[in-house]
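A.B. asks: So that you have it, the file is work02.cif, and it contains mmCIF, C-alpha atoms:
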```
data_structure
#
loop_
_atom_site.label_atom_id
_atom_site.label_comp_id
_atom_site.auth_asym_id
_atom_site.auth_seq_id
_atom_site.Cartn_x
_atom_site.Cartn_y
_atom_site.Cartn_z
CA MET A 261 -10.83 -35.99 21.97
CA MET A 262 -8.94 -33.18 20.30
CA ALA A 263 -10.91 -29.99 19.75
CA ILE A 264 -11.48 -29.18 16.10
CA LYS A 265 -10.11 -25.80 15.14
CA LYS A 266 -12.46 -23.32 13.56
CA VAL A 267 -12.01 -22.58 9.89
CA VAL A 268 -9.89 -19.45 9.67
CA ILE A 269 -10.98 -16.71 7.31
CA VAL A 270 -8.32 -14.22 6.21
CA PRO A 271 -9.68 -11.34 4.14
CA CYS A 272 -7.63 -8.77 2.28
CA SER A 273 -7.22 -5.54 4.25
CA GLY A 274 -7.17 -3.39 1.13
CA VAL A 275 -7.91 0.28 1.70
CA GLY A 276 -7.52 1.53 -1.85
CA LYS A 277 -10.38 -0.13 -3.72
CA PRO A 278 -13.97 -1.33 -3.16
CA PHE A 279 -12.81 -4.88 -3.91
CA GLY A 280 -10.92 -4.90 -0.60
CA THR A 281 -14.01 -3.79 1.29
CA ILE A 282 -16.03 -6.52 -0.41
CA THR A 283 -13.69 -9.17 1.01
CA ARG A 284 -13.97 -7.65 4.47
CA GLU A 285 -17.76 -7.51 4.31
CA ALA A 286 -17.97 -11.09 3.03
CA ALA A 287 -15.67 -12.28 5.83
CA TYR A 288 -17.86 -10.59 8.44
CA GLN A 289 -21.00 -12.10 6.94
CA VAL A 290 -19.52 -15.59 7.13
CA THR A 291 -18.05 -15.26 10.63
CA GLU A 292 -20.82 -13.20 12.25
CA ASP A 293 -24.03 -14.15 10.43
CA ASP A 294 -23.74 -17.35 8.42
CA ARG A 295 -21.21 -19.66 10.13
CA PRO A 296 -20.21 -18.10 13.48
CA GLU A 297 -19.80 -21.51 15.17
CA ASP A 298 -17.39 -22.81 12.59
CA THR A 299 -15.28 -19.83 11.58
CA ARG A 300 -13.11 -17.03 12.89
CA ILE A 301 -11.28 -14.09 11.31
CA ILE A 302 -7.56 -13.58 11.58
CA PRO A 303 -6.55 -10.00 10.73
CA LEU A 304 -4.00 -9.75 7.97
CA SER A 305 -2.17 -6.95 9.76
CA LEU A 306 -1.22 -9.36 12.57
CA LEU A 307 0.24 -11.78 10.05
CA VAL A 308 2.18 -8.98 8.39
CA LEU A 309 3.72 -8.12 11.73
CA GLY A 310 4.50 -11.77 12.42
CA ASP A 311 2.29 -12.00 15.53
CA GLU A 312 2.96 -15.41 17.07
CA GLU A 313 -0.58 -15.93 18.33
CA ALA A 314 -2.01 -15.23 14.89
CA GLN A 315 0.51 -17.56 13.27
CA ALA A 316 -0.32 -20.30 15.78
CA ALA A 317 -4.01 -20.01 14.91
CA LEU A 318 -3.17 -20.99 11.35
CA VAL A 319 -1.28 -24.14 12.24
CA GLY A 320 -3.34 -27.22 11.57
CA ALA A 321 -6.39 -25.17 10.68
CA GLU A 322 -8.35 -25.06 7.46
CA VAL A 323 -7.75 -21.57 6.09
CA ILE A 324 -9.78 -19.68 3.53
CA SER A 325 -8.16 -16.58 2.08
CA ILE A 326 -10.24 -13.88 0.40
CA ASP A 327 -8.23 -11.52 -1.80
CA GLY A 328 -9.23 -8.27 -3.39
CA CYS A 329 -6.76 -7.92 -6.24
CA ALA A 330 -4.25 -9.79 -8.34
CA LEU A 331 -1.49 -9.34 -5.75
CA ILE A 332 -3.29 -11.86 -3.49
CA CYS A 333 -1.78 -10.53 -0.27
CA ALA A 334 -4.05 -12.61 1.97
CA THR A 335 -3.12 -15.88 0.29
CA LYS A 336 0.58 -15.03 0.26
CA MET A 337 0.62 -13.93 3.89
CA VAL A 338 -1.10 -17.12 5.08
CA GLN A 339 1.48 -19.19 3.26
CA GLU A 340 4.39 -17.11 4.53
CA SER A 341 3.02 -17.37 8.07
CA GLY A 342 3.13 -21.15 8.05
CA GLY A 343 -0.50 -21.76 7.18
CA LYS A 344 -1.97 -23.88 4.43
CA VAL A 345 -4.63 -22.28 2.27
CA SER A 346 -7.45 -24.77 1.83
CA ARG A 347 -9.27 -22.55 -0.63
CA SER A 348 -8.72 -19.04 -1.92
CA PHE A 349 -11.31 -16.61 -3.26
CA ASN A 350 -10.96 -13.29 -5.04
CA SER A 351 -13.64 -10.60 -5.06
CA MET A 352 -12.60 -9.63 -8.59
CA GLU A 353 -13.70 -13.04 -9.81
CA ILE A 354 -17.15 -12.54 -8.29
CA TYR A 355 -17.35 -9.22 -10.12
CA ARG A 356 -16.29 -10.82 -13.41
CA ALA A 357 -19.17 -13.25 -13.04
CA ASN A 358 -21.60 -10.41 -12.17
CA ARG A 359 -20.55 -7.45 -14.28
CA ASP A 360 -23.93 -5.79 -13.89
CA LEU A 361 -23.01 -5.18 -10.23
CA LYS A 362 -20.56 -2.28 -10.19
CA PRO A 363 -19.13 -1.79 -6.70
CA LYS A 364 -18.44 1.70 -5.44
CA GLY A 365 -17.29 3.08 -2.10
CA ILE A 366 -14.48 1.93 0.16
CA ALA A 367 -15.60 3.20 3.57
CA GLU A 368 -19.18 2.27 2.70
CA LEU A 369 -20.10 -0.03 -0.16
CA ASN A 370 -22.98 0.75 -2.47
CA GLU A 371 -25.83 -1.75 -2.96
CA ALA A 372 -24.02 -3.48 -5.81
CA GLY A 373 -20.91 -3.90 -3.65
CA LEU A 374 -22.94 -5.35 -0.81
CA GLU A 375 -24.63 -7.75 -3.20
CA LEU A 376 -21.25 -8.90 -4.49
CA ALA A 377 -20.09 -9.38 -0.90
CA ASN A 378 -23.19 -11.47 -0.22
CA LYS A 379 -22.57 -13.66 -3.25
CA LEU A 380 -18.95 -14.09 -2.24
CA ALA A 381 -19.96 -14.96 1.33
CA LYS A 382 -22.34 -17.65 0.08
CA GLN A 383 -19.51 -19.29 -1.84
CA VAL A 384 -17.29 -19.14 1.23
CA ASP A 385 -20.13 -20.62 3.35
CA GLN A 386 -20.30 -23.56 1.00
CA THR A 387 -16.57 -24.14 1.27
CA VAL A 388 -16.76 -23.91 5.07
CA ASP A 389 -19.45 -26.57 5.04
CA GLU A 390 -17.33 -28.84 2.88
CA LEU A 391 -14.34 -28.38 5.15
CA THR A 392 -16.32 -29.00 8.32
CA GLY A 393 -18.28 -31.89 6.88
CA LYS A 394 -21.56 -30.05 7.31
CA ALA A 395 -22.44 -29.70 3.64
CA GLU A 396 -25.50 -31.93 3.92
CA GLU A 397 -26.58 -30.44 7.21
CA ASN A 398 -26.56 -26.88 5.85
CA ALA A 399 -27.85 -27.69 2.36
CA MET B 100 22.27 15.14 -7.51
CA PRO B 101 18.53 15.80 -7.31
CA GLU B 102 16.68 16.07 -4.03
CA LEU B 103 13.18 15.09 -5.09
CA ALA B 104 10.56 17.35 -3.61
CA GLN B 105 8.00 16.11 -1.11
CA MET B 106 4.46 16.16 -2.33
CA LYS B 107 2.25 14.05 -0.08
CA VAL B 108 1.94 12.28 3.26
CA GLY B 109 1.33 8.52 3.40
CA ILE B 110 -1.44 7.19 5.62
CA ILE B 111 -1.17 3.56 6.70
CA SER B 112 -3.97 1.91 8.64
CA CYS B 113 -3.95 -1.35 10.55
CA SER B 114 -7.53 -2.19 9.42
CA GLY B 115 -7.63 -4.94 12.06
CA GLU B 116 -10.82 -6.91 11.53
CA GLU B 117 -11.01 -8.41 15.02
CA LEU B 118 -11.44 -5.18 16.98
CA PRO B 119 -13.78 -2.20 16.61
CA GLU B 120 -10.69 -0.02 17.03
CA GLY B 121 -9.31 -1.58 13.84
CA THR B 122 -12.39 -0.49 11.97
CA VAL B 123 -12.02 2.97 13.50
CA SER B 124 -8.44 3.16 12.25
CA ARG B 125 -9.49 2.11 8.76
CA LEU B 126 -12.41 4.54 8.51
CA ALA B 127 -10.36 7.39 9.99
CA ALA B 128 -7.63 6.78 7.40
CA LEU B 129 -10.22 6.77 4.63
CA LYS B 130 -11.79 9.97 5.96
CA VAL B 131 -8.43 11.75 5.77
CA LEU B 132 -7.73 10.33 2.31
CA GLU B 133 -11.16 10.96 0.83
CA GLU B 134 -12.53 13.99 2.67
CA LEU B 135 -10.13 15.93 4.87
CA ARG B 136 -6.85 15.97 2.91
CA PRO B 137 -7.51 14.21 -0.42
CA GLY B 138 -4.91 16.20 -2.33
CA GLU B 139 -2.19 15.83 0.25
CA THR B 140 -2.37 12.16 1.18
CA VAL B 141 -1.84 8.73 -0.33
CA THR B 142 -2.11 5.24 1.10
CA ILE B 143 -0.84 1.74 0.66
CA CYS B 144 -2.25 -1.57 1.85
CA LEU B 145 -0.12 -2.77 4.77
CA PRO B 146 0.43 -6.36 3.49
CA LEU B 147 2.00 -5.01 0.30
CA PHE B 148 5.17 -4.35 2.26
CA LEU B 149 5.61 -8.13 2.18
CA ALA B 150 3.47 -9.27 -0.72
CA GLY B 151 4.35 -6.41 -3.03
CA GLY B 152 7.52 -5.27 -4.73
CA GLU B 153 10.37 -2.82 -4.20
CA GLY B 154 8.13 0.10 -5.13
CA ASP B 155 5.77 -0.79 -2.30
CA ARG B 156 8.55 -1.24 0.23
CA ALA B 157 9.94 2.19 -0.72
CA PHE B 158 6.65 3.83 0.27
CA ALA B 159 7.60 5.12 3.72
CA LYS B 160 10.97 6.27 2.51
CA PHE B 161 9.36 8.12 -0.34
CA TYR B 162 6.64 9.73 1.77
CA PRO B 163 6.65 10.71 5.43
CA THR B 164 3.96 8.43 6.84
CA ILE B 165 1.38 8.43 9.60
CA ALA B 166 0.50 5.00 10.98
CA ILE B 167 -3.01 4.67 12.43
CA ASP B 168 -3.33 1.61 14.67
CA GLY B 169 -6.30 0.20 16.51
CA CYS B 170 -4.47 -1.32 19.47
CA ASP B 171 -1.11 -1.25 21.18
CA LYS B 172 0.22 -4.11 19.09
CA ARG B 173 0.72 -1.27 16.58
CA CYS B 174 0.86 -3.55 13.53
CA ALA B 175 0.78 -0.67 11.07
CA TYR B 176 3.54 1.32 12.76
CA ARG B 177 5.82 -1.61 13.47
CA ALA B 178 5.37 -3.36 10.12
CA THR B 179 6.01 -0.08 8.29
CA GLU B 180 9.12 0.45 10.38
CA LYS B 181 10.28 -3.13 9.81
CA TYR B 182 9.74 -3.38 6.08
CA SER B 183 9.83 0.18 4.75
CA ASN B 184 10.92 3.04 7.00
CA THR B 185 10.11 4.50 10.41
CA PRO B 186 6.79 6.36 10.24
CA ALA B 187 6.98 10.08 10.85
CA ALA B 188 4.03 9.86 13.25
CA GLY B 189 1.72 7.33 14.82
CA ILE B 190 -1.75 7.30 16.33
CA VAL B 191 -3.07 4.43 18.47
CA VAL B 192 -6.85 4.46 18.81
CA SER B 193 -7.01 2.48 22.07
CA ASN B 194 -4.43 4.77 23.70
CA LEU B 195 -6.31 7.86 22.65
CA ILE B 196 -9.51 6.46 24.17
CA LYS B 197 -7.73 6.02 27.51
CA GLU B 198 -5.88 9.33 27.42
CA GLN B 199 -8.92 11.40 26.55
CA GLY B 200 -11.49 9.37 28.47
CA LEU B 201 -13.51 8.68 25.33
CA GLN B 202 -16.27 6.08 25.05
CA GLU B 203 -15.13 2.68 23.75
CA PRO B 204 -16.54 1.69 20.36
CA THR B 205 -18.45 -1.48 19.60
CA GLY B 206 -19.17 -3.27 16.33
CA CYS B 207 -16.29 -4.36 14.10
CA ARG B 208 -18.48 -4.52 11.04
CA ARG B 209 -20.78 -1.55 11.72
CA LEU B 210 -19.50 0.92 14.27
CA ASP B 211 -21.84 2.32 16.89
CA GLN B 212 -22.15 6.07 17.55
CA ASN B 213 -19.11 6.00 19.86
CA GLY B 214 -17.09 4.43 17.08
CA LEU B 215 -18.25 6.93 14.48
CA ALA B 216 -17.43 9.81 16.82
CA LEU B 217 -13.98 8.32 17.36
CA VAL B 218 -13.44 8.14 13.60
CA ASP B 219 -13.95 11.90 13.44
CA VAL B 220 -11.57 12.56 16.34
CA ILE B 221 -8.83 10.31 14.95
CA ALA B 222 -9.24 11.65 11.41
CA GLU B 223 -8.97 15.26 12.62
CA GLN B 224 -5.87 14.42 14.59
CA ALA B 225 -4.33 12.68 11.58
CA ALA B 226 -5.19 15.65 9.34
CA GLU B 227 -3.41 17.98 11.77
CA LYS B 228 -0.37 15.72 11.60
CA VAL B 229 -0.55 15.80 7.79
CA ASP B 230 -0.45 19.61 7.86
CA ALA B 231 2.45 19.59 10.28
CA LEU B 232 4.42 17.09 8.19
CA LEU B 233 3.80 18.95 4.95
CA GLY B 234 5.31 22.02 6.54
CA LYS B 235 8.66 20.27 6.87
CA PRO B 236 10.99 19.31 4.02
CA TRP B 237 11.37 15.55 3.58
CA SER B 238 14.36 13.78 2.06
CA ARG B 239 13.46 10.80 -0.05
CA ARG B 240 17.12 9.95 -0.21
CA GLN B 241 17.44 9.62 3.54
CA GLY B 242 13.84 8.78 4.38
CA GLN B 243 13.83 11.47 7.05
CA PHE B 244 13.25 15.16 7.51
CA ILE B 245 15.87 17.61 6.32
CA PRO B 246 17.15 20.10 8.90
CA SER B 247 15.61 23.43 7.94
CA ALA B 248 18.94 25.13 7.14
CA ASP B 249 19.67 22.53 4.42
CA ALA B 250 16.18 22.44 2.91
CA PRO B 251 16.00 22.85 -0.87
CA GLU B 252 13.59 25.25 -2.49
CA GLU B 253 10.19 23.59 -2.98
CA LYS B 254 9.20 22.73 -6.53
CA PRO B 255 5.79 21.61 -7.78
CA GLU B 256 5.84 18.01 -8.88
CA PRO B 257 3.37 16.29 -11.23
CA ILE B 258 1.70 13.05 -10.17
CA GLN B 259 2.66 10.31 -12.55
CA ALA B 260 2.12 6.59 -12.90
CA THR B 261 1.02 4.89 -9.72
CA CYS B 262 1.77 1.40 -8.53
CA SER B 263 -1.02 -1.14 -8.51
CA CYS B 264 -2.29 -0.26 -5.04
CA GLY B 265 -2.52 3.41 -5.89
CA SER B 266 0.26 4.45 -3.52
CA GLY B 267 1.40 7.13 -5.94
CA ILE B 268 5.06 6.16 -6.11
CA PRO B 269 6.15 6.59 -9.71
CA ILE B 270 7.96 3.57 -11.10
CA GLN B 271 9.25 2.65 -14.52
CA LYS B 272 10.02 -0.76 -15.97
CA LEU B 273 13.05 -1.26 -18.18
CA LEU B 274 14.54 -4.24 -19.94
CA VAL B 275 17.91 -4.99 -18.41
CA ASP B 276 19.81 -7.89 -19.90
CA ASP B 277 16.54 -9.18 -21.38
CA GLN B 278 14.89 -9.09 -17.97
CA GLU B 279 12.17 -6.63 -16.99
CA MET B 280 13.22 -4.62 -13.95
CA THR B 281 11.22 -2.08 -11.97
CA PHE B 282 12.90 1.19 -11.02
CA VAL B 283 11.40 3.17 -8.17
CA ALA B 284 11.18 6.94 -8.68
CA LEU B 285 12.78 6.84 -12.13
CA PRO B 286 10.20 9.16 -13.79
CA LEU B 287 10.76 11.72 -11.02
CA ILE B 288 14.52 11.50 -11.34
CA PHE B 289 14.32 11.94 -15.10
CA GLN B 290 11.98 14.90 -14.71
CA GLU B 291 14.28 16.52 -12.19
CA PHE B 292 17.22 16.19 -14.58
CA ILE B 293 15.17 17.56 -17.48
CA ASP B 294 14.05 20.51 -15.33
CA ASN B 295 17.68 21.22 -14.58
CA GLY B 296 18.51 21.15 -18.30
CA LYS B 297 20.83 18.15 -18.03
CA SER B 298 21.29 16.78 -21.52
CA PRO B 299 22.13 13.08 -21.96
CA THR B 300 25.92 13.11 -21.71
CA GLU B 301 28.47 10.86 -20.03
CA ALA B 302 28.60 13.16 -17.01
CA THR B 303 24.82 13.28 -16.75
CA LEU B 304 24.63 9.49 -16.97
CA GLU B 305 27.05 9.13 -14.08
CA GLU B 306 24.98 11.54 -12.02
CA LEU B 307 21.77 9.79 -13.06
CA MET B 308 23.10 6.42 -11.94
CA SER B 309 24.00 7.84 -8.53
CA ALA B 310 20.41 9.04 -8.11
CA VAL B 311 18.96 5.76 -9.38
CA ARG B 312 21.06 3.74 -6.91
CA LEU B 313 19.63 5.69 -3.98
CA TYR B 314 16.23 4.13 -4.53
CA ASN B 315 17.10 0.92 -6.36
CA PRO B 316 19.67 -1.67 -5.31
CA ILE B 317 21.63 -2.76 -8.40
CA ALA B 318 23.49 -6.06 -8.44
CA PRO B 319 27.15 -5.62 -9.45
CA GLN B 320 26.80 -8.08 -12.33
CA LEU B 321 23.94 -5.99 -13.74
CA GLU B 322 25.66 -2.63 -13.33
CA ALA B 323 26.75 -2.27 -16.98
CA ALA B 324 23.47 -3.48 -18.44
CA THR B 325 21.48 -1.26 -16.06
CA THR B 326 23.58 1.78 -16.96
CA ALA B 327 22.96 1.11 -20.65
CA ALA B 328 19.21 0.74 -20.08
CA ILE B 329 19.01 3.94 -18.03
CA ASP B 330 21.04 5.78 -20.67
CA GLU B 331 18.69 4.68 -23.43
CA ALA B 332 15.56 5.45 -21.37
CA TYR B 333 16.81 8.92 -20.44
CA ARG B 334 17.71 9.76 -24.04
CA SER B 335 14.21 8.73 -25.08
CA PHE B 336 12.68 10.76 -22.22
CA TRP B 337 14.84 13.78 -23.10
CA ASN B 338 13.88 13.59 -26.80
CA ASN B 339 10.18 13.26 -25.97
CA GLU B 340 10.28 16.23 -23.61
CA ARG B 341 12.26 18.34 -26.08
CA GLY B 342 9.82 17.37 -28.82
CA GLN B 343 6.81 18.34 -26.70
CA ASN B 344 8.32 21.61 -25.57
CA GLY B 345 9.70 22.62 -28.99
#
```
Could you quickly redo this structure as structure tokens?

C.D. replies:
Amino acid sequence: MMAIKKVVIVPCSGVGKPFGTITREAAYQVTEDDRPEDTRIIPLSLLVLGDEEAQAALVGAEVISIDGCALICATKMVQESGGKVSRSFNSMEIYRANRDLKPKGIAELNEAGLELANKLAKQVDQTVDELTGKAEENA
Amino acid sequence: MPELAQMKVGIISCSGEELPEGTVSRLAALKVLEELRPGETVTICLPLFLAGGEGDRAFAKFYPTIAIDGCDKRCAYRATEKYSNTPAAGIVVSNLIKEQGLQEPTGCRRLDQNGLALVDVIAEQAAEKVDALLGKPWSRRQGQFIPSADAPEEKPEPIQATCSCGSGIPIQKLLVDDQEMTFVALPLIFQEFIDNGKSPTEATLEELMSAVRLYNPIAPQLEAATTAAIDEAYRSFWNNERGQNG
């Protein structure tokens, strides 16, 4: 029986705005805390460089991209690297739905930023469950 | 032809999420940008070299850059070199750990004490490189340092519009043949011409176009329309500046 690939999470690696850090934090929450058995991170920098191992990890895998701005680098890089984005998220959309939470800090997010990251991670968790067929199990 | 003055050093981090060293590189870059040399440094997100536009890809030609990488794959250095220009300097966290016998960090998401100490070491080293690079004249035309004998006199340069990632490269959009086109460094070029008292004449336009072509490839079929758009934009810029300065 063929091994099922883990769902690949590709967050934005933005260093200029808190929205980039929110994607990173959400990706860590999903892959380290919430769904470690079913997910793994692929660093965007490896895809930018064209790293063959990173590209191979995308092939045939369900990929979730998490972007931090309108330029959607993570989504574009997955597509350019031969991967298929199963679902894309954007931390700016989470903020638009929760405007009372104003994120600050890039190196270290404030409480509002961490809360946004948590909300984003929960949405990603749900998508992971749908993709792995574990939606009922984790409900 | 203007030689646009250097004003800042670009810091590019790998930010690799899979290794603690990637987090070290990211936090060290941010420490330089936010605390150690905030007035002298700018950054750009690495993937913008591919996902962004011409302005983003011009980054390492426009600024001498320092690439901070977590491991010896050197994604930041090599991707910058491949898509923009060869970095002026590079730091590899994992190499530095070996060379200096430092403790290895743990925790990609939250660095341990070793990792935090490394951030300080790397950031200090990068800040020293920033100081060293700022002491040398940089040619944005060539994307390399100018030999000291040929260095132009330094001129203060205002920070103008930034691209969407905050890299600090001034760009300007013009309508060329009914299409919006982005011109890298155009505000700086205009300012340089204004500072040199070059009024909008035929000769100035020819000189302007030579400067514009250095940073912006222009398709032959758009040459005439681009020249007309630059002419109009410079006349407007000139009139505004003259109006403001009496």

A.B. asks: Going by the chain IDs and residue numbers used in this file, which residues fall under the PyMOL selection byres ((chain B and resi 174) around 7)? Write them as a list in words.

C.D. replies: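 When the PyMOL selection byres ((chain B and resi 174) around 7) is applied to the shown file, the picked residues are Ser305, Leu306 and Leu309 of chain A; Cys113, Asp168, Lys172, Arg173, Ala175, Tyr176, Arg177 and Ala178 of chain B.
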
A.B. asks: Using C-alpha atoms, can you write the selected residues to a file as a PDB file, keeping the file's coordinate frame?

C.D. replies:
```pdb
ATOM      1  CA  SER A 305      -2.170  -6.950   9.760  1.00  0.00           C
ATOM      2  CA  LEU A 306      -1.220  -9.360  12.570  1.00  0.00           C
ATOM      3  CA  LEU A 309       3.720  -8.120  11.730  1.00  0.00           C
TER       4      LEU A 309
ATOM      5  CA  CYS B 113      -3.950  -1.350  10.550  1.00  0.00           C
ATOM      6  CA  ASP B 168      -3.330   1.610  14.670  1.00  0.00           C
ATOM      7  CA  LYS B 172       0.220  -4.110  19.090  1.00  0.00           C
ATOM      8  CA  ARG B 173       0.720  -1.270  16.580  1.00  0.00           C
ATOM      9  CA  ALA B 175       0.780  -0.670  11.070  1.00  0.00           C
ATOM     10  CA  TYR B 176       3.540   1.320  12.760  1.00  0.00           C
ATOM     11  CA  ARG B 177       5.820  -1.610  13.470  1.00  0.00           C
ATOM     12  CA  ALA B 178       5.370  -3.360  10.120  1.00  0.00           C
TER      13      ALA B 178
END
```

A.B. asks: Mind telling me what the PyMOL selection byres ((chain B and resi 215-218) around 9) catches here, as an mmCIF file with C-alpha atoms, keeping the file's coordinate frame?

C.D. replies:
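Generated file (selection-v1.cif):
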```
data_model
loop_
_atom_site.group_PDB
_atom_site.id
_atom_site.type_symbol
_atom_site.label_atom_id
_atom_site.label_comp_id
_atom_site.auth_asym_id
_atom_site.auth_seq_id
_atom_site.Cartn_x
_atom_site.Cartn_y
_atom_site.Cartn_z
ATOM 1 C CA GLU B 120 -10.690 -0.020 17.030
ATOM 2 C CA THR B 122 -12.390 -0.490 11.970
ATOM 3 C CA VAL B 123 -12.020 2.970 13.500
ATOM 4 C CA SER B 124 -8.440 3.160 12.250
ATOM 5 C CA ARG B 125 -9.490 2.110 8.760
ATOM 6 C CA LEU B 126 -12.410 4.540 8.510
ATOM 7 C CA ALA B 127 -10.360 7.390 9.990
ATOM 8 C CA ALA B 128 -7.630 6.780 7.400
ATOM 9 C CA LYS B 130 -11.790 9.970 5.960
ATOM 10 C CA VAL B 192 -6.850 4.460 18.810
ATOM 11 C CA ILE B 196 -9.510 6.460 24.170
ATOM 12 C CA LEU B 201 -13.510 8.680 25.330
ATOM 13 C CA GLN B 202 -16.270 6.080 25.050
ATOM 14 C CA GLU B 203 -15.130 2.680 23.750
ATOM 15 C CA PRO B 204 -16.540 1.690 20.360
ATOM 16 C CA LEU B 210 -19.500 0.920 14.270
ATOM 17 C CA ASP B 211 -21.840 2.320 16.890
ATOM 18 C CA GLN B 212 -22.150 6.070 17.550
ATOM 19 C CA ASN B 213 -19.110 6.000 19.860
ATOM 20 C CA GLY B 214 -17.090 4.430 17.080
ATOM 21 C CA ASP B 219 -13.950 11.900 13.440
ATOM 22 C CA VAL B 220 -11.570 12.560 16.340
ATOM 23 C CA ILE B 221 -8.830 10.310 14.950
ATOM 24 C CA ALA B 222 -9.240 11.650 11.410
ATOM 25 C CA GLU B 223 -8.970 15.260 12.620
#
```

A.B. asks: Separation of atom CA of B:Gly152 and atom CA of A:Ile302, in Å?

C.D. replies: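 Between atom CA of B:Gly152 and atom CA of A:Ile302 the gap is 23.7 Å.
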
A.B. asks: Once the PyMOL selection byres ((chain B and resi 287-298) around 8) has been applied to the shown file, what residues remain in the selection, as a PyMOL selection string?

C.D. replies: chain B and resi 101+103+269+284-286+299-300+303+307+310-311+333+336-337+340

A.B. asks: With a distance threshold of 7 Å and counting only C-alpha atoms, extract the residues of chain B near chain A and express them as a ChimeraX atom specification.

C.D. replies: /B:113-117,126,129,144-147,150,174,178,208,264-265

A.B. asks: Go ahead and save the picked residues with C-alpha atoms, as a compact mmCIF listing (two decimals), in the coordinates of the input.

C.D. replies:
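What follows is the written file part_3.txt:
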```txt
# COMPACT_ATOMS: atom_id res chain seq x y z
CA CYS B 113 -3.95 -1.35 10.55
CA SER B 114 -7.53 -2.19 9.42
CA GLY B 115 -7.63 -4.94 12.06
CA GLU B 116 -10.82 -6.91 11.53
CA GLU B 117 -11.01 -8.41 15.02
CA LEU B 126 -12.41 4.54 8.51
CA LEU B 129 -10.22 6.77 4.63
CA CYS B 144 -2.25 -1.57 1.85
CA LEU B 145 -0.12 -2.77 4.77
CA PRO B 146 0.43 -6.36 3.49
CA LEU B 147 2.00 -5.01 0.30
CA ALA B 150 3.47 -9.27 -0.72
CA CYS B 174 0.86 -3.55 13.53
CA ALA B 178 5.37 -3.36 10.12
CA ARG B 208 -18.48 -4.52 11.04
CA CYS B 264 -2.29 -0.26 -5.04
CA GLY B 265 -2.52 3.41 -5.89
```

A.B. asks: So which residues fall inside 7 Å of (0.9, 5.0, 10.7) if we count all atoms listed in the file? Mind giving them as a PDB file with C-alpha atoms, in the coordinates of the input?

C.D. replies:
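Result file is part-v9.pdb:
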```pdb
ATOM      1  CA  ILE B 110      -1.440   7.190   5.620  1.00  0.00           C
ATOM      2  CA  ILE B 111      -1.170   3.560   6.700  1.00  0.00           C
ATOM      3  CA  SER B 112      -3.970   1.910   8.640  1.00  0.00           C
ATOM      4  CA  THR B 164       3.960   8.430   6.840  1.00  0.00           C
ATOM      5  CA  ILE B 165       1.380   8.430   9.600  1.00  0.00           C
ATOM      6  CA  ALA B 166       0.500   5.000  10.980  1.00  0.00           C
ATOM      7  CA  ILE B 167      -3.010   4.670  12.430  1.00  0.00           C
ATOM      8  CA  ASP B 168      -3.330   1.610  14.670  1.00  0.00           C
ATOM      9  CA  ALA B 175       0.780  -0.670  11.070  1.00  0.00           C
ATOM     10  CA  TYR B 176       3.540   1.320  12.760  1.00  0.00           C
ATOM     11  CA  PRO B 186       6.790   6.360  10.240  1.00  0.00           C
ATOM     12  CA  ALA B 188       4.030   9.860  13.250  1.00  0.00           C
ATOM     13  CA  GLY B 189       1.720   7.330  14.820  1.00  0.00           C
ATOM     14  CA  ILE B 190      -1.750   7.300  16.330  1.00  0.00           C
TER      15      ILE B 190
END
```

A.B. asks: When distances are computed from only C-alpha atoms, which of A:Val268, A:Ala399, A:Leu369, A:Leu374 shows the smallest separation from A:Ala316?

C.D. replies: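 Smallest distance to A:Ala316 is found for A:Val268.
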
A.B. asks: Quick check, in Å to one decimal: how far apart do atom CA of B:Trp237 and atom CA of B:Gln224 lie?

C.D. replies: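 Computing the Euclidean distance for atom CA of B:Trp237 and atom CA of B:Gln224 yields 20.5 Å.
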
A.B. asks: Name the closest residue to A:Asp360 among the candidates A:Glu375, A:Pro296, A:Gly393, A:Val384; distances are taken between atoms, counting all atoms listed in the file.

C.D. replies: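 Closest candidate: A:Glu375.
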
A.B. asks: Kindly give the distance, in Å, that separates atom CA of B:Lys181 and atom CA of B:Lys160, rounded to a single decimal.

C.D. replies: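 So the two atoms, atom CA of B:Lys181 and atom CA of B:Lys160, lie 11.9 Å apart.
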
A.B. asks: Give me, as a list in words, all polymer residues having an atom no more than 7 Å from A:Phe279, counting only C-alpha atoms and skipping those fewer than 3 positions away in the same chain.

C.D. replies: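 Final neighbour list, sorted by chain and number: Ile282, Thr283, Gly328, Ser351 and Met352 of chain A.
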